[in-house]
Structure formats: structure tokens, C-alpha cells
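Asker: What follows is a structure written as C-alpha cells; I'll ask about it next.
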Amino acid sequence: KNVLAIGPGISRNPESAEFVRTVVQSARVAVVLDADGLNAFEGCAQKLDGKPRPLVLTPHPGEMARLVGLSVPDVQRDRVGIARSFAREHNLILVLKGHRTLIAAPDGTIWVNTTGNPGMAKGGSGDVLTGMIAGVLAQHPERVLESVVAAVYMHGLSGDVARNVVGEYTMVATDLLSMLPFAFQRLQQRAAEKLTLLSE
């Protein structure tokens, strides 16, 4: 095994939170931390350290606010600054979800995702992202940042395909999974078009 995804559905009871902290601190494979896995570090974010192995956090603004001890409006006012400083301080990759999801690298580099739409703001969408990041990381463990950026982009692109098929209002998280093959197909077509242009 070369990646561990932890958090979705794990609950916030004290025993579960202690379990999450123990697993994350002792893991020697890449860890993707989301949902209640993030909430387990509320008030003790100093225990999050990506030096022993790659660590990827995927908070929405509410989870980010709990990690840094601020309000959600505070986080939203300075998304780039908060994401960058947290990623640097903890030597990890931070995916701050929301409109134009941010990917902050340990060196302070910020990537801004251009795919996705409001229809994705539904329960379970973040869980799908966690699985996608873990899946790409498992295939490319030597290219951690690129894997995270690619997974975030594909997650949003799948949402954009789903919007075209089912619409924003009726879209649910499982639509992202069913539209993923079409998102890959769209990306391959774009890549082929660019290669054709370069060769002409």
C-alpha cells in the first residue's frame, strides 16, 4: 500500500479522533486527510506535519476555519494567504475547496483550479475528491503535487460534464463518478488537439 485516505464518515467522537491522530502521525505512506479526519486536529493542528511522508489536506472553508481557529468569513477573505501559510508551516499540500479551489504546496506555490461549478456543493462531493486524489497518488507516488493538481482538475471537470448532462440543481455526488470516464475522454481530446496544433 502506498496511500491512505482517512476521514469521510469516521465521526467526531473522541475515540475516533484519537484514532485518526495516531494513524496520521504513525503512517509512513502518503496520507489524504478529509472531513472528520481534519476535524480530529481541531485545536491541535501543530501535530500535522508532512515531513515524514506526503500529507494532503482537503478542507472546505468550515474545516479550514476550525484548523486555524478563525471564522469562515476570515478564511474566505484571505483564502490564498491562509492556504499558503498553512501549507508552508506544516510542510504539506493543502486543497482549500470552494469556488476556484486552491492547491497550496509546501514551498508556497498556489495553483488555482479552473474547473467545477456550484452544482458540486453537495454532500459527498468532497468524499469523491478524496478518493480521486488517493487513486491518482497510488498510481504516481513519486509525483505528489502533480497528482493532487490533476485529481482536483479532473474532479471539477467531471462536475462540469455532469452539469451539462443533469444540470446543477439535480447533480449529486455519484454523478461525478458516473461522468468521470467522459471527463477523461474530454481531456484526452483536448490534449490531442494541442498535439495536432504543435505538429502543424
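Here's how to read the names in the C-alpha cells: chain A, B, ... by the order shown, residue numbers from 1 in each chain, ligand numbers from 1 in the order shown.
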Set the distance at 9 Å and use only C-alpha atoms: which residues neighbour Arg79 of chain A once local chain neighbours fewer than 6 positions away are removed? I'd like the list as a VMD selection string.
Answerer: chain A and resid 61 96 102
Asker: Convert the current residue selection to file output with all heavy atoms, as a compact mmCIF listing (two decimals), in the first residue's frame.
Answerer:
```
# COMPACT_ATOMS: atom_id res chain seq x y z
N PRO A 61 -14.08 25.49 3.58
CA PRO A 61 -13.79 26.65 4.43
C PRO A 61 -14.13 26.45 5.91
O PRO A 61 -13.42 26.94 6.78
CB PRO A 61 -14.64 27.76 3.80
CG PRO A 61 -14.70 27.39 2.36
CD PRO A 61 -14.81 25.89 2.34
N LEU A 96 -7.77 23.75 -0.59
CA LEU A 96 -8.84 24.53 0.03
C LEU A 96 -10.00 24.60 -0.96
O LEU A 96 -9.95 25.31 -1.96
CB LEU A 96 -8.36 25.93 0.42
CG LEU A 96 -9.39 26.83 1.12
CD1 LEU A 96 -10.00 26.15 2.35
CD2 LEU A 96 -8.74 28.15 1.52
N LEU A 102 -8.20 26.00 -4.33
CA LEU A 102 -6.77 26.29 -4.29
C LEU A 102 -5.99 25.05 -3.90
O LEU A 102 -6.42 24.29 -3.03
CB LEU A 102 -6.48 27.40 -3.27
CG LEU A 102 -7.21 28.72 -3.45
CD1 LEU A 102 -6.88 29.65 -2.28
CD2 LEU A 102 -6.84 29.37 -4.78
```
Asker: Applying 9 Å and only C-alpha atoms, which residues near His60 of chain A remain after dropping the ones on its own chain fewer than 6 positions away? List them as a list in words.
Answerer: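 These residues fall inside the cut-off: Asp34, Ala35, Val95, Leu96, Lys97, Gly98 and Gly126 of chain A.
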Asker: With distances taken over only C-alpha atoms, which residue among A:Ser85, A:Asn91, A:Asn164, A:Thr130 lies nearest Phe182 of chain A?
Answerer: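 Looking at the shortest contact to Phe182 of chain A, the residue is A:Asn164.
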Asker: Give me every helix (DSSP H, G or I) residue in segment 72-120 of chain A, going by DSSP on the backbone, as a PyMOL selection string.
Answerer: chain A and resi 72-77+79-90+118-120
Asker: Set the distance at 9 Å and use only C-alpha atoms: which residues neighbour Phe184 of chain A once local chain neighbours fewer than 3 positions away are removed? I'd like the list as a ChimeraX atom specification.
Answerer: /A:154,157-158,179-181,187-189
Asker: When you look at segment 141-148 of chain A with a cut-off of 10 Å (counting only C-alpha atoms), what residues show up, excluding the ones that are within fewer than 4 positions of it in the same chain? I need them as a PyMOL selection string.
Answerer: chain A and resi 2-3+29-30+32+54-56+92-95+103-106+129-130+132-137+152-154
Asker: Create the file for the chosen residues now, containing N, CA, C and O atoms and written as a short mmCIF file (atom, residue, chain, number, x, y, z; two decimals), in the first residue's frame.
Answerer:
```
data_model
loop_
_atom_site.label_atom_id
_atom_site.label_comp_id
_atom_site.auth_asym_id
_atom_site.auth_seq_id
_atom_site.Cartn_x
_atom_site.Cartn_y
_atom_site.Cartn_z
N ASN A 2 0.52 2.25 -0.79
CA ASN A 2 1.35 3.46 -0.79
C ASN A 2 0.55 4.73 -0.56
O ASN A 2 1.09 5.82 -0.68
N VAL A 3 -0.73 4.61 -0.20
CA VAL A 3 -1.51 5.80 0.14
C VAL A 3 -2.64 5.41 1.09
O VAL A 3 -3.16 4.30 1.03
N VAL A 29 3.18 6.09 4.75
CA VAL A 29 2.78 6.20 3.35
C VAL A 29 2.03 7.52 3.21
O VAL A 29 1.63 8.13 4.20
N ALA A 30 1.82 7.95 1.98
CA ALA A 30 1.10 9.20 1.73
C ALA A 30 -0.29 9.14 2.37
O ALA A 30 -0.96 8.11 2.33
N VAL A 32 -4.08 11.17 2.71
CA VAL A 32 -5.04 12.18 2.28
C VAL A 32 -6.05 12.31 3.40
O VAL A 32 -6.72 11.34 3.77
N PRO A 54 4.31 12.21 2.51
CA PRO A 54 3.40 13.20 1.92
C PRO A 54 2.07 13.26 2.67
O PRO A 54 1.49 12.23 3.01
N LEU A 55 1.61 14.48 2.92
CA LEU A 55 0.35 14.70 3.63
C LEU A 55 -0.46 15.71 2.83
O LEU A 55 0.01 16.80 2.52
N VAL A 56 -1.69 15.30 2.48
CA VAL A 56 -2.58 16.14 1.68
C VAL A 56 -3.85 16.38 2.48
O VAL A 56 -4.52 15.44 2.90
N LEU A 92 3.02 20.57 3.96
CA LEU A 92 2.04 19.67 3.37
C LEU A 92 1.37 20.32 2.16
O LEU A 92 1.64 21.48 1.85
N ILE A 93 0.53 19.57 1.50
CA ILE A 93 -0.26 20.10 0.39
C ILE A 93 -1.67 20.34 0.91
O ILE A 93 -2.29 19.44 1.49
N LEU A 94 -2.15 21.56 0.71
CA LEU A 94 -3.48 21.94 1.19
C LEU A 94 -4.39 22.22 0.00
O LEU A 94 -4.07 23.06 -0.84
N VAL A 95 -5.51 21.51 -0.06
CA VAL A 95 -6.52 21.74 -1.09
C VAL A 95 -7.68 22.44 -0.42
O VAL A 95 -8.47 21.82 0.30
N ILE A 103 -4.83 24.87 -4.52
CA ILE A 103 -3.90 23.83 -4.11
C ILE A 103 -2.62 24.54 -3.70
O ILE A 103 -1.95 25.17 -4.52
N ALA A 104 -2.30 24.47 -2.41
CA ALA A 104 -1.11 25.15 -1.88
C ALA A 104 -0.03 24.10 -1.61
O ALA A 104 -0.27 23.10 -0.93
N ALA A 105 1.16 24.34 -2.16
CA ALA A 105 2.29 23.44 -1.99
C ALA A 105 3.14 23.88 -0.80
O ALA A 105 3.08 25.04 -0.37
N PRO A 106 3.98 22.97 -0.27
CA PRO A 106 4.83 23.33 0.88
C PRO A 106 5.77 24.49 0.62
O PRO A 106 6.17 25.19 1.55
N LEU A 129 -13.69 13.58 -4.15
CA LEU A 129 -12.38 14.20 -4.38
C LEU A 129 -11.29 13.48 -3.59
O LEU A 129 -10.21 13.21 -4.12
N THR A 130 -11.58 13.15 -2.34
CA THR A 130 -10.60 12.43 -1.52
C THR A 130 -10.20 11.13 -2.19
O THR A 130 -9.01 10.79 -2.28
N MET A 132 -10.45 10.37 -5.37
CA MET A 132 -9.73 10.62 -6.62
C MET A 132 -8.28 10.99 -6.36
O MET A 132 -7.37 10.51 -7.06
N ILE A 133 -8.05 11.83 -5.36
CA ILE A 133 -6.66 12.20 -5.03
C ILE A 133 -5.88 10.96 -4.61
O ILE A 133 -4.76 10.72 -5.07
N ALA A 134 -6.48 10.14 -3.74
CA ALA A 134 -5.81 8.91 -3.30
C ALA A 134 -5.53 7.99 -4.48
O ALA A 134 -4.46 7.38 -4.57
N GLY A 135 -6.50 7.87 -5.40
CA GLY A 135 -6.32 6.99 -6.54
C GLY A 135 -5.20 7.43 -7.46
O GLY A 135 -4.40 6.60 -7.92
N VAL A 136 -5.12 8.74 -7.73
CA VAL A 136 -4.04 9.23 -8.60
C VAL A 136 -2.70 9.12 -7.89
O VAL A 136 -1.69 8.74 -8.49
N LEU A 137 -2.68 9.43 -6.60
CA LEU A 137 -1.44 9.30 -5.82
C LEU A 137 -0.94 7.86 -5.81
O LEU A 137 0.27 7.62 -5.87
N VAL A 152 -7.70 17.19 -8.65
CA VAL A 152 -8.61 18.31 -8.40
C VAL A 152 -9.20 18.80 -9.73
O VAL A 152 -10.41 19.06 -9.84
N TYR A 153 -8.36 18.91 -10.75
CA TYR A 153 -8.83 19.36 -12.06
C TYR A 153 -9.86 18.39 -12.63
O TYR A 153 -10.92 18.79 -13.12
N MET A 154 -9.57 17.10 -12.56
CA MET A 154 -10.48 16.09 -13.12
C MET A 154 -11.79 16.03 -12.34
O MET A 154 -12.85 15.80 -12.92
#
```
Asker: Residues within 8 Å of segment 6-22 of chain A, please, as a ChimeraX atom specification. Count only C-alpha atoms; anything in the same chain fewer than 2 positions from it doesn't count.
Answerer: /A:4,24-26,31-41,127
Asker: As an MDAnalysis selection string, which residues of segment 2-177 of chain A does DSSP assign to strand (DSSP E or B)?
Answerer: chainID A and resid 3:6 30:33 55:57 93:96 102:104 110:112
Asker: May I ask for the distance between atom CA of Asp49 of chain A and atom CA of His90 of chain A, given in Å to one decimal place?
Answerer: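 Distance reported for this atom pair: 5.0 Å.
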